[in-house]
4 protein chains.
Amino acid sequence: MKAHASVRIDIPFHDVDAMRIVWHGNYARYFEIARTVLLRQYELDYPEMEASGWLFPVIRMDCRYLSPLRYGDIALVDVTVEEAEFKMALGYRIVEEKSGRKIATGHTEHAVLDRDFNLLMPIPTALRDRFLQGGAPSAPP
Amino acid sequence: MKAHASVRIDIPFHDVDAMRIVWHGNYARYFEIARTVLLRQYELDYPEMEASGWLFPVIRMDCRYLSPLRYGDIALVDVTVEEAEFKMALGYRIVEEKSGRKIATGHTEHAVLDRDFNLLMPIPTALRDRFLQGGAPSAPP
Amino acid sequence: MKAHASVRIDIPFHDVDAMRIVWHGNYARYFEIARTVLLRQYELDYPEMEASGWLFPVIRMDCRYLSPLRYGDIALVDVTVEEAEFKMALGYRIVEEKSGRKIATGHTEHAVLDRDFNLLMPIPTALRDRFLQGGAPSAPP
Amino acid sequence: MKAHASVRIDIPFHDVDAMRIVWHGNYARYFEIARTVLLRQYELDYPEMEASGWLFPVIRMDCRYLSPLRYGDIALVDVTVEEAEFKMALGYRIVEEKSGRKIATGHTEHAVLDRDFNLLMPIPTALRDRFLQGGAPSAPP
């Protein structure tokens with residue numbers, strides 16, 4: 001089973017714009033909060049990345065906005081590893097908890113670099129296995 | 001000629017992350033700053049939008065990251081109207097001024113709604129013409 | 001007993017700056033997250049404010065930074081009503097959960113306005129009582 | 001004459017909150033943009049700080065909000081060195097360009113540290129002179 005994680009975000013007032021909906025650029029923050037939980041579960045968060053020498057810079061992102069989030073809504077953000085062969089690709093889905101409304105879908109793509117900023121392609125087997133078979137994760141936080 | 005605009009952004013310290021590069025989510029802000037200048041040139045900024053009753057919510061965005069921006073870099077952001085038939089689609093390019101490095105490309109797509117939140121499809125002719133033929137813009141700011 | 005509340009914030013990567021510490025301006029967001037929980041407990045959150053006609057715009061804020069927060073730290077943010085006579089004054093304290101380090105102290109002051117933006121001074125008794133005697137709060141969320 | 005600088009900020013849409021005014025926490029960003037211009041004029045921006053070994057972390061900030069900023073307003077932000085003996089203290093004033101309205105006043109205080117994070121107190125003479133007598137600034141950008 002592919003690695004995945006989910007988080008619950010109580011929309012704060014300062015994320016909402018003059019149209020009284022979450023400003024679209026804030027979704028990148030919600031995706032990152034979910035991605036961090038995923039990487040922590042699989043022991044690949046920033047400190048481990050730095051220790052291992054692996055870096056995962058974002059090389060592409062997209063987001064499709066289906067329904068707006070408002071102040072006081074609860075965003076459930078799910079993230080799943082979609083590819084871990086030549087790059088790391090993650091898929092995201094956001095649903096509003098109380099209404100069940102579909103809010104957004106999106107993706108991020110990440111290069112995998114070693115300590116000296118060399119592009120690793122294909123991705124090292126140890127890393128690929130951890131993502132694609134969900135191998136040896138630590139307990140979720 | 002299609003409507004277009006460009007802006008120059010001196011990268012502030014608070015946009016840079018722990019990797020000492022501009023955090024990827026901030027590019028949505030840079031795109032919006034360029035988009036605002038475009039809409040002002042064509043008299044379609046938020047106050048005019050509200051007066052006319054037209055609203056352009058973001059329904060999709062993407063960004064491809066080619067080279068990082070650092071603190072002290074100057075980002076030149078160009079935006080061009082790419083489509084104005086069934087939705088409004090804008091394309092963006094970011095180049096670093098001093099080095100000429102290509103930084104990023106991206107897109108936003110916007111629905112066109114009237115005052116009562118009805119989806120206007122196809123886009124009203126008056127609006128389409130202003131975007132696609134660059135008609136009757138006010139002087140750039 | 002004066003009204004108070006507390007929240008727990010897992011520091012996200014995008015809040016950290018190039019010095020690898022939380023950028024100082026983000027503390028205003030942490031204060032607001034705690035303040036929102038306080039106002040919800042006392043049924044004075046934004047929707048209730050709008051319904052009641054009361055508005056609490058920030059008229060002053062300060063923050064003293066004692067020790068930095070880093071990515072992965074857990075910030076415990078406490079907020080207490082300090083004054084509710086002529087204005088609403090709130091005090092904040094941030095402690096890092098794992099180490100117990102004192103991170104910051106701060107204050108916000110808020111005017112109390114009615115629906116027509118008239119300044120209410122002194123503050124209406126119903127509101128003052130709710131803050132100063134912690135009266136009739138709803139259950140914490 | 002004490003060191004000072006000023007900047008002009010065209011308020012972007014994403015800085016405005018659901019009350020249709022600039023969210024109060026964004027003023028820390030405006031202060032920092034002005035401070036950066038000041039430090040660049042006096043050759044004390046982050047790269048020089050790092051080269052010299054001097055660091056100026058924010059240890060305190062405050063802001064008094066006098067009148068709201070709205071989307072489309074132009075904020076003129078002035079910063080002046082107010083103290084450079086035992087710590088560096090800066091004062092800020094924001095005025096709206098078109099109306100002349102006084103928007104805000106504020107302060108930041110900064111410790112002065114050397115390369116090994118030792119607190120330098122009093123501040124080194126070379127630094128103090130540059131701030132208090134406005135000595136040997138480079139040309140403004």
# chains A, B, ... in the order shown; residues from 1 in each chain; ligands from 1
>>> closest_atom_pairs(of="chain A", to="chain D", cutoff="9 Å", atoms="only C-alpha atoms", output="CSV")
residue,atom,partner,partner_atom,distance
A:Phe13,CA,D:Ala18,CA,7.8
A:His14,CA,D:Asp17,CA,6.5
A:Asp15,CA,D:Asp17,CA,7.9
A:Val16,CA,D:Asp17,CA,6.0
A:Asp17,CA,D:Asp17,CA,4.7
A:Ala18,CA,D:Ala18,CA,4.4
A:Met19,CA,D:Ala18,CA,6.7
A:Arg20,CA,D:Ala18,CA,5.0
A:Ile21,CA,D:Ala18,CA,8.0
A:Trp23,CA,D:His14,CA,7.0
A:Gly25,CA,D:His14,CA,8.6
>>> write_last_selection(atoms="all heavy atoms", output="mmCIF file, in the first residue's frame")
data_model
loop_
_atom_site.group_PDB
_atom_site.id
_atom_site.type_symbol
_atom_site.label_atom_id
_atom_site.label_comp_id
_atom_site.auth_asym_id
_atom_site.auth_seq_id
_atom_site.Cartn_x
_atom_site.Cartn_y
_atom_site.Cartn_z
ATOM 1 N N PHE A 13 -8.862 32.819 11.023
ATOM 2 C CA PHE A 13 -9.346 34.079 10.448
ATOM 3 C C PHE A 13 -8.356 34.688 9.462
ATOM 4 O O PHE A 13 -8.737 35.207 8.410
ATOM 5 C CB PHE A 13 -9.631 35.078 11.582
ATOM 6 C CG PHE A 13 -10.083 36.421 11.104
ATOM 7 C CD1 PHE A 13 -11.364 36.609 10.612
ATOM 8 C CD2 PHE A 13 -9.217 37.508 11.129
ATOM 9 C CE1 PHE A 13 -11.796 37.856 10.164
ATOM 10 C CE2 PHE A 13 -9.633 38.759 10.678
ATOM 11 C CZ PHE A 13 -10.914 38.925 10.196
ATOM 12 N N HIS A 14 -7.051 34.621 9.786
ATOM 13 C CA HIS A 14 -6.068 35.308 8.941
ATOM 14 C C HIS A 14 -5.805 34.593 7.612
ATOM 15 O O HIS A 14 -5.022 35.078 6.806
ATOM 16 C CB HIS A 14 -4.744 35.529 9.701
ATOM 17 C CG HIS A 14 -4.238 34.321 10.395
ATOM 18 N ND1 HIS A 14 -4.295 34.164 11.768
ATOM 19 C CD2 HIS A 14 -3.683 33.193 9.935
ATOM 20 C CE1 HIS A 14 -3.783 32.999 12.093
ATOM 21 N NE2 HIS A 14 -3.410 32.399 11.012
ATOM 22 N N ASP A 15 -6.438 33.455 7.371
ATOM 23 C CA ASP A 15 -6.292 32.784 6.072
ATOM 24 C C ASP A 15 -7.397 33.187 5.094
ATOM 25 O O ASP A 15 -7.373 32.782 3.930
ATOM 26 C CB ASP A 15 -6.319 31.257 6.241
ATOM 27 C CG ASP A 15 -4.996 30.723 6.741
ATOM 28 O OD1 ASP A 15 -4.067 31.514 6.953
ATOM 29 O OD2 ASP A 15 -4.886 29.487 6.921
ATOM 30 N N VAL A 16 -8.345 33.982 5.563
ATOM 31 C CA VAL A 16 -9.531 34.322 4.775
ATOM 32 C C VAL A 16 -9.327 35.702 4.149
ATOM 33 O O VAL A 16 -8.773 36.600 4.773
ATOM 34 C CB VAL A 16 -10.769 34.310 5.694
ATOM 35 C CG1 VAL A 16 -12.002 34.844 4.992
ATOM 36 C CG2 VAL A 16 -11.012 32.886 6.201
ATOM 37 N N ASP A 17 -9.760 35.871 2.901
ATOM 38 C CA ASP A 17 -9.540 37.133 2.192
ATOM 39 C C ASP A 17 -10.791 38.012 2.187
ATOM 40 O O ASP A 17 -11.770 37.723 2.881
ATOM 41 C CB ASP A 17 -9.024 36.862 0.775
ATOM 42 C CG ASP A 17 -10.060 36.207 -0.136
ATOM 43 O OD1 ASP A 17 -11.263 36.249 0.177
ATOM 44 O OD2 ASP A 17 -9.651 35.654 -1.171
ATOM 45 N N ALA A 18 -10.743 39.084 1.419
ATOM 46 C CA ALA A 18 -11.841 40.052 1.406
ATOM 47 C C ALA A 18 -13.135 39.475 0.832
ATOM 48 O O ALA A 18 -14.207 40.033 1.031
ATOM 49 C CB ALA A 18 -11.424 41.305 0.617
ATOM 50 N N MET A 19 -13.034 38.353 0.097
ATOM 51 C CA MET A 19 -14.232 37.675 -0.412
ATOM 52 C C MET A 19 -14.814 36.730 0.649
ATOM 53 O O MET A 19 -15.751 35.988 0.383
ATOM 54 C CB MET A 19 -13.902 36.869 -1.684
ATOM 55 C CG MET A 19 -13.348 37.679 -2.837
ATOM 56 S SD MET A 19 -14.532 38.941 -3.451
ATOM 57 C CE MET A 19 -13.446 39.872 -4.565
ATOM 58 N N ARG A 20 -14.176 36.710 1.826
ATOM 59 C CA ARG A 20 -14.599 35.877 2.962
ATOM 60 C C ARG A 20 -14.416 34.381 2.696
ATOM 61 O O ARG A 20 -15.132 33.539 3.261
ATOM 62 C CB ARG A 20 -16.057 36.172 3.368
ATOM 63 C CG ARG A 20 -16.255 37.653 3.643
ATOM 64 C CD ARG A 20 -17.280 37.910 4.694
ATOM 65 N NE ARG A 20 -17.074 39.245 5.260
ATOM 66 C CZ ARG A 20 -17.664 39.676 6.347
ATOM 67 N NH1 ARG A 20 -18.496 38.896 7.000
ATOM 68 N NH2 ARG A 20 -17.420 40.880 6.803
ATOM 69 N N ILE A 21 -13.484 34.058 1.810
ATOM 70 C CA ILE A 21 -13.107 32.665 1.575
ATOM 71 C C ILE A 21 -11.591 32.546 1.755
ATOM 72 O O ILE A 21 -10.878 33.549 1.699
ATOM 73 C CB ILE A 21 -13.524 32.179 0.170
ATOM 74 C CG1 ILE A 21 -12.838 33.010 -0.929
ATOM 75 C CG2 ILE A 21 -15.043 32.268 0.019
ATOM 76 C CD1 ILE A 21 -13.131 32.524 -2.340
ATOM 77 N N TRP A 23 -7.977 32.433 0.996
ATOM 78 C CA TRP A 23 -7.226 32.900 -0.167
ATOM 79 C C TRP A 23 -6.539 31.700 -0.820
ATOM 80 O O TRP A 23 -5.926 30.887 -0.130
ATOM 81 C CB TRP A 23 -6.205 33.960 0.262
ATOM 82 C CG TRP A 23 -5.432 34.493 -0.886
ATOM 83 C CD1 TRP A 23 -5.904 35.244 -1.919
ATOM 84 C CD2 TRP A 23 -4.037 34.286 -1.142
ATOM 85 N NE1 TRP A 23 -4.892 35.522 -2.798
ATOM 86 C CE2 TRP A 23 -3.735 34.939 -2.345
ATOM 87 C CE3 TRP A 23 -3.017 33.604 -0.464
ATOM 88 C CZ2 TRP A 23 -2.455 34.942 -2.894
ATOM 89 C CZ3 TRP A 23 -1.748 33.604 -1.010
ATOM 90 C CH2 TRP A 23 -1.475 34.274 -2.200
ATOM 91 N N GLY A 25 -3.910 30.976 -2.375
ATOM 92 C CA GLY A 25 -2.495 30.670 -2.179
ATOM 93 C C GLY A 25 -2.210 29.941 -0.868
ATOM 94 O O GLY A 25 -1.152 29.316 -0.719
#
>>> residues_around(residues="segment 104-114 of chain C", least_positions_apart="6", cutoff="8 Å", atoms="only C-alpha atoms", output="PyMOL selection string")
chain C and resi 53-67+87-95+120-121+123
>>> select_by_dssp(residues="segment 21-110 of chain C", states="strand (DSSP E)", output="MDAnalysis selection string")
chainID C and resid 58:65 74:84 88:96 102:110
>>> select_by_dssp(residues="chain C", states="helix (DSSP H, G or I)", output="JSON, numbers by chain")
{"C": [13, 14, 15, 24, 25, 26, 27, 28, 29, 30, 31, 32, 33, 34, 35, 36, 37, 38, 39, 40, 41, 46, 47, 48, 49, 50, 51, 52, 125, 126, 127, 128, 129, 130, 131, 132]}
>>> write_last_selection(atoms="N, CA, C and O atoms", output="CSV table (one decimal), in the first residue's frame")
chain,number,residue,atom,x,y,z
C,13,PHE,N,6.9,24.1,8.7
C,13,PHE,CA,8.1,24.5,8.0
C,13,PHE,C,8.0,25.9,7.4
C,13,PHE,O,9.0,26.7,7.5
C,14,HIS,N,6.9,26.2,6.9
C,14,HIS,CA,6.7,27.5,6.2
C,14,HIS,C,6.7,28.7,7.1
C,14,HIS,O,6.6,29.8,6.7
C,15,ASP,N,6.7,28.5,8.4
C,15,ASP,CA,6.8,29.6,9.4
C,15,ASP,C,8.2,30.0,9.8
C,15,ASP,O,8.4,30.9,10.5
C,24,HIS,N,9.6,36.4,13.2
C,24,HIS,CA,8.9,37.1,14.4
C,24,HIS,C,7.5,37.5,14.1
C,24,HIS,O,6.7,37.6,14.9
C,25,GLY,N,7.3,37.9,12.8
C,25,GLY,CA,5.9,38.4,12.5
C,25,GLY,C,4.8,37.3,12.5
C,25,GLY,O,3.7,37.6,12.6
C,26,ASN,N,5.2,36.0,12.5
C,26,ASN,CA,4.2,34.9,12.6
C,26,ASN,C,3.6,34.8,14.0
C,26,ASN,O,2.6,34.2,14.1
C,27,TYR,N,4.2,35.4,15.0
C,27,TYR,CA,3.6,35.3,16.4
C,27,TYR,C,2.2,36.0,16.4
C,27,TYR,O,1.4,35.6,17.2
C,28,ALA,N,2.0,37.0,15.6
C,28,ALA,CA,0.7,37.6,15.5
C,28,ALA,C,-0.4,36.6,15.1
C,28,ALA,O,-1.5,36.6,15.6
C,29,ARG,N,0.0,35.6,14.2
C,29,ARG,CA,-0.9,34.5,13.9
C,29,ARG,C,-1.1,33.6,15.0
C,29,ARG,O,-2.3,33.2,15.3
C,30,TYR,N,-0.1,33.3,15.8
C,30,TYR,CA,-0.3,32.4,16.9
C,30,TYR,C,-1.2,33.0,18.0
C,30,TYR,O,-2.0,32.4,18.6
C,31,PHE,N,-1.0,34.3,18.2
C,31,PHE,CA,-1.8,35.0,19.2
C,31,PHE,C,-3.3,35.0,18.7
C,31,PHE,O,-4.2,34.7,19.5
C,32,GLU,N,-3.5,35.2,17.4
C,32,GLU,CA,-4.9,35.2,16.9
C,32,GLU,C,-5.5,33.8,17.0
C,32,GLU,O,-6.7,33.8,17.3
C,33,ILE,N,-4.8,32.8,16.8
C,33,ILE,CA,-5.3,31.4,16.9
C,33,ILE,C,-5.8,31.2,18.4
C,33,ILE,O,-6.9,30.7,18.6
C,34,ALA,N,-5.0,31.6,19.3
C,34,ALA,CA,-5.4,31.5,20.8
C,34,ALA,C,-6.6,32.4,21.1
C,34,ALA,O,-7.5,32.0,21.8
C,35,ARG,N,-6.6,33.6,20.6
C,35,ARG,CA,-7.7,34.6,20.8
C,35,ARG,C,-9.0,34.0,20.3
C,35,ARG,O,-10.0,34.2,20.9
C,36,THR,N,-8.9,33.4,19.1
C,36,THR,CA,-10.1,32.8,18.5
C,36,THR,C,-10.7,31.8,19.4
C,36,THR,O,-12.0,31.7,19.6
C,37,VAL,N,-9.9,30.9,20.0
C,37,VAL,CA,-10.4,29.9,20.9
C,37,VAL,C,-11.0,30.5,22.1
C,37,VAL,O,-12.1,30.1,22.6
C,38,LEU,N,-10.4,31.6,22.6
C,38,LEU,CA,-11.0,32.3,23.8
C,38,LEU,C,-12.3,32.9,23.4
C,38,LEU,O,-13.3,32.7,24.2
C,39,LEU,N,-12.4,33.5,22.3
C,39,LEU,CA,-13.7,34.2,21.9
C,39,LEU,C,-14.8,33.1,21.6
C,39,LEU,O,-16.0,33.3,21.9
C,40,ARG,N,-14.4,32.0,21.1
C,40,ARG,CA,-15.4,30.9,20.9
C,40,ARG,C,-15.9,30.4,22.2
C,40,ARG,O,-17.1,30.1,22.3
C,41,GLN,N,-15.0,30.2,23.2
C,41,GLN,CA,-15.4,29.7,24.5
C,41,GLN,C,-16.4,30.6,25.1
C,41,GLN,O,-17.3,30.2,25.8
C,46,TYR,N,-16.0,35.7,15.6
C,46,TYR,CA,-16.5,36.6,14.6
C,46,TYR,C,-17.9,36.4,14.2
C,46,TYR,O,-18.7,37.4,14.1
C,47,PRO,N,-18.5,35.2,13.9
C,47,PRO,CA,-19.9,35.2,13.6
C,47,PRO,C,-20.8,35.8,14.7
C,47,PRO,O,-21.7,36.5,14.4
C,48,GLU,N,-20.5,35.5,16.0
C,48,GLU,CA,-21.3,36.0,17.1
C,48,GLU,C,-21.1,37.6,17.1
C,48,GLU,O,-22.0,38.3,17.4
C,49,MET,N,-19.8,38.0,16.9
C,49,MET,CA,-19.6,39.4,16.9
C,49,MET,C,-20.4,40.1,15.9
C,49,MET,O,-21.1,41.1,16.1
C,50,GLU,N,-20.5,39.5,14.7
C,50,GLU,CA,-21.3,40.1,13.6
C,50,GLU,C,-22.8,40.1,14.0
C,50,GLU,O,-23.5,41.1,13.8
C,51,ALA,N,-23.2,39.0,14.6
C,51,ALA,CA,-24.6,38.9,14.9
C,51,ALA,C,-25.0,39.9,16.0
C,51,ALA,O,-26.0,40.5,16.0
C,52,SER,N,-24.1,40.0,17.0
C,52,SER,CA,-24.3,41.0,18.1
C,52,SER,C,-24.1,42.4,17.7
C,52,SER,O,-24.6,43.3,18.3
C,125,THR,N,-21.8,46.4,29.7
C,125,THR,CA,-21.7,45.5,30.9
C,125,THR,C,-21.8,44.0,30.6
C,125,THR,O,-21.1,43.2,31.2
C,126,ALA,N,-22.7,43.7,29.7
C,126,ALA,CA,-22.9,42.3,29.4
C,126,ALA,C,-21.6,41.6,28.9
C,126,ALA,O,-21.2,40.5,29.2
C,127,LEU,N,-20.9,42.4,28.1
C,127,LEU,CA,-19.6,41.9,27.6
C,127,LEU,C,-18.5,41.9,28.6
C,127,LEU,O,-17.8,40.9,28.7
C,128,ARG,N,-18.5,43.0,29.4
C,128,ARG,CA,-17.4,43.1,30.4
C,128,ARG,C,-17.6,41.9,31.4
C,128,ARG,O,-16.6,41.3,31.8
C,129,ASP,N,-18.8,41.6,31.8
C,129,ASP,CA,-19.0,40.6,32.8
C,129,ASP,C,-18.5,39.2,32.2
C,129,ASP,O,-18.0,38.4,32.9
C,130,ARG,N,-18.8,39.0,30.9
C,130,ARG,CA,-18.5,37.7,30.4
C,130,ARG,C,-17.0,37.6,30.4
C,130,ARG,O,-16.5,36.5,30.6
C,131,PHE,N,-16.2,38.6,30.2
C,131,PHE,CA,-14.8,38.6,30.1
C,131,PHE,C,-14.2,38.5,31.5
C,131,PHE,O,-13.3,37.8,31.8
C,132,LEU,N,-14.7,39.4,32.4
C,132,LEU,CA,-14.0,39.5,33.7
C,132,LEU,C,-14.4,38.5,34.7
C,132,LEU,O,-13.6,38.1,35.6
>>> atom_distance(atom1="atom CA of Arg8 of chain D", atom2="atom CA of Ile11 of chain B")
14.8 Å
>>> closest_residue(among="A:Glu97, A:Glu85, A:Glu43, A:Asp116", to="Gly72 of chain A", atoms="only C-alpha atoms")
A:Glu97
>>> residues_around(residues="Ile74 of chain A", least_positions_apart="5", cutoff="6 Å", atoms="only C-alpha atoms", output="list in words")
Ile9, Asp10, Glu96 and Glu97 of chain A
>>> write_last_selection(atoms="N, CA, C and O atoms", output="mmCIF file, in the first residue's frame")
data_model
loop_
_atom_site.group_PDB
_atom_site.id
_atom_site.type_symbol
_atom_site.label_atom_id
_atom_site.label_comp_id
_atom_site.auth_asym_id
_atom_site.auth_seq_id
_atom_site.Cartn_x
_atom_site.Cartn_y
_atom_site.Cartn_z
ATOM 1 N N ILE A 9 -7.415 20.698 9.737
ATOM 2 C CA ILE A 9 -7.030 22.097 9.917
ATOM 3 C C ILE A 9 -8.264 22.951 10.190
ATOM 4 O O ILE A 9 -9.187 22.995 9.367
ATOM 5 N N ASP A 10 -8.260 23.612 11.335
ATOM 6 C CA ASP A 10 -9.345 24.529 11.715
ATOM 7 C C ASP A 10 -8.992 25.876 11.071
ATOM 8 O O ASP A 10 -8.015 26.509 11.446
ATOM 9 N N GLU A 96 -14.288 19.318 3.376
ATOM 10 C CA GLU A 96 -14.711 20.045 4.582
ATOM 11 C C GLU A 96 -15.428 19.054 5.502
ATOM 12 O O GLU A 96 -16.355 18.351 5.070
ATOM 13 N N GLU A 97 -15.000 19.019 6.756
ATOM 14 C CA GLU A 97 -15.440 17.955 7.652
ATOM 15 C C GLU A 97 -16.938 17.960 7.937
ATOM 16 O O GLU A 97 -17.600 16.925 7.880
#
>>> closest_residue(among="C:Asp73, C:Pro68, C:Arg115, C:Thr80", to="His4 of chain C", atoms="only C-alpha atoms")
C:Thr80
>>> atom_distance(atom1="atom CA of Ala75 of chain C", atom2="atom CA of Val7 of chain C")
8.1 Å
>>> atom_distance(atom1="atom CA of Leu76 of chain B", atom2="atom CA of Ser6 of chain B")
7.0 Å
>>> closest_residue(among="B:Leu69, B:Pro12, B:Leu119, B:Gln133", to="Glu82 of chain B", atoms="only C-alpha atoms")
B:Gln133
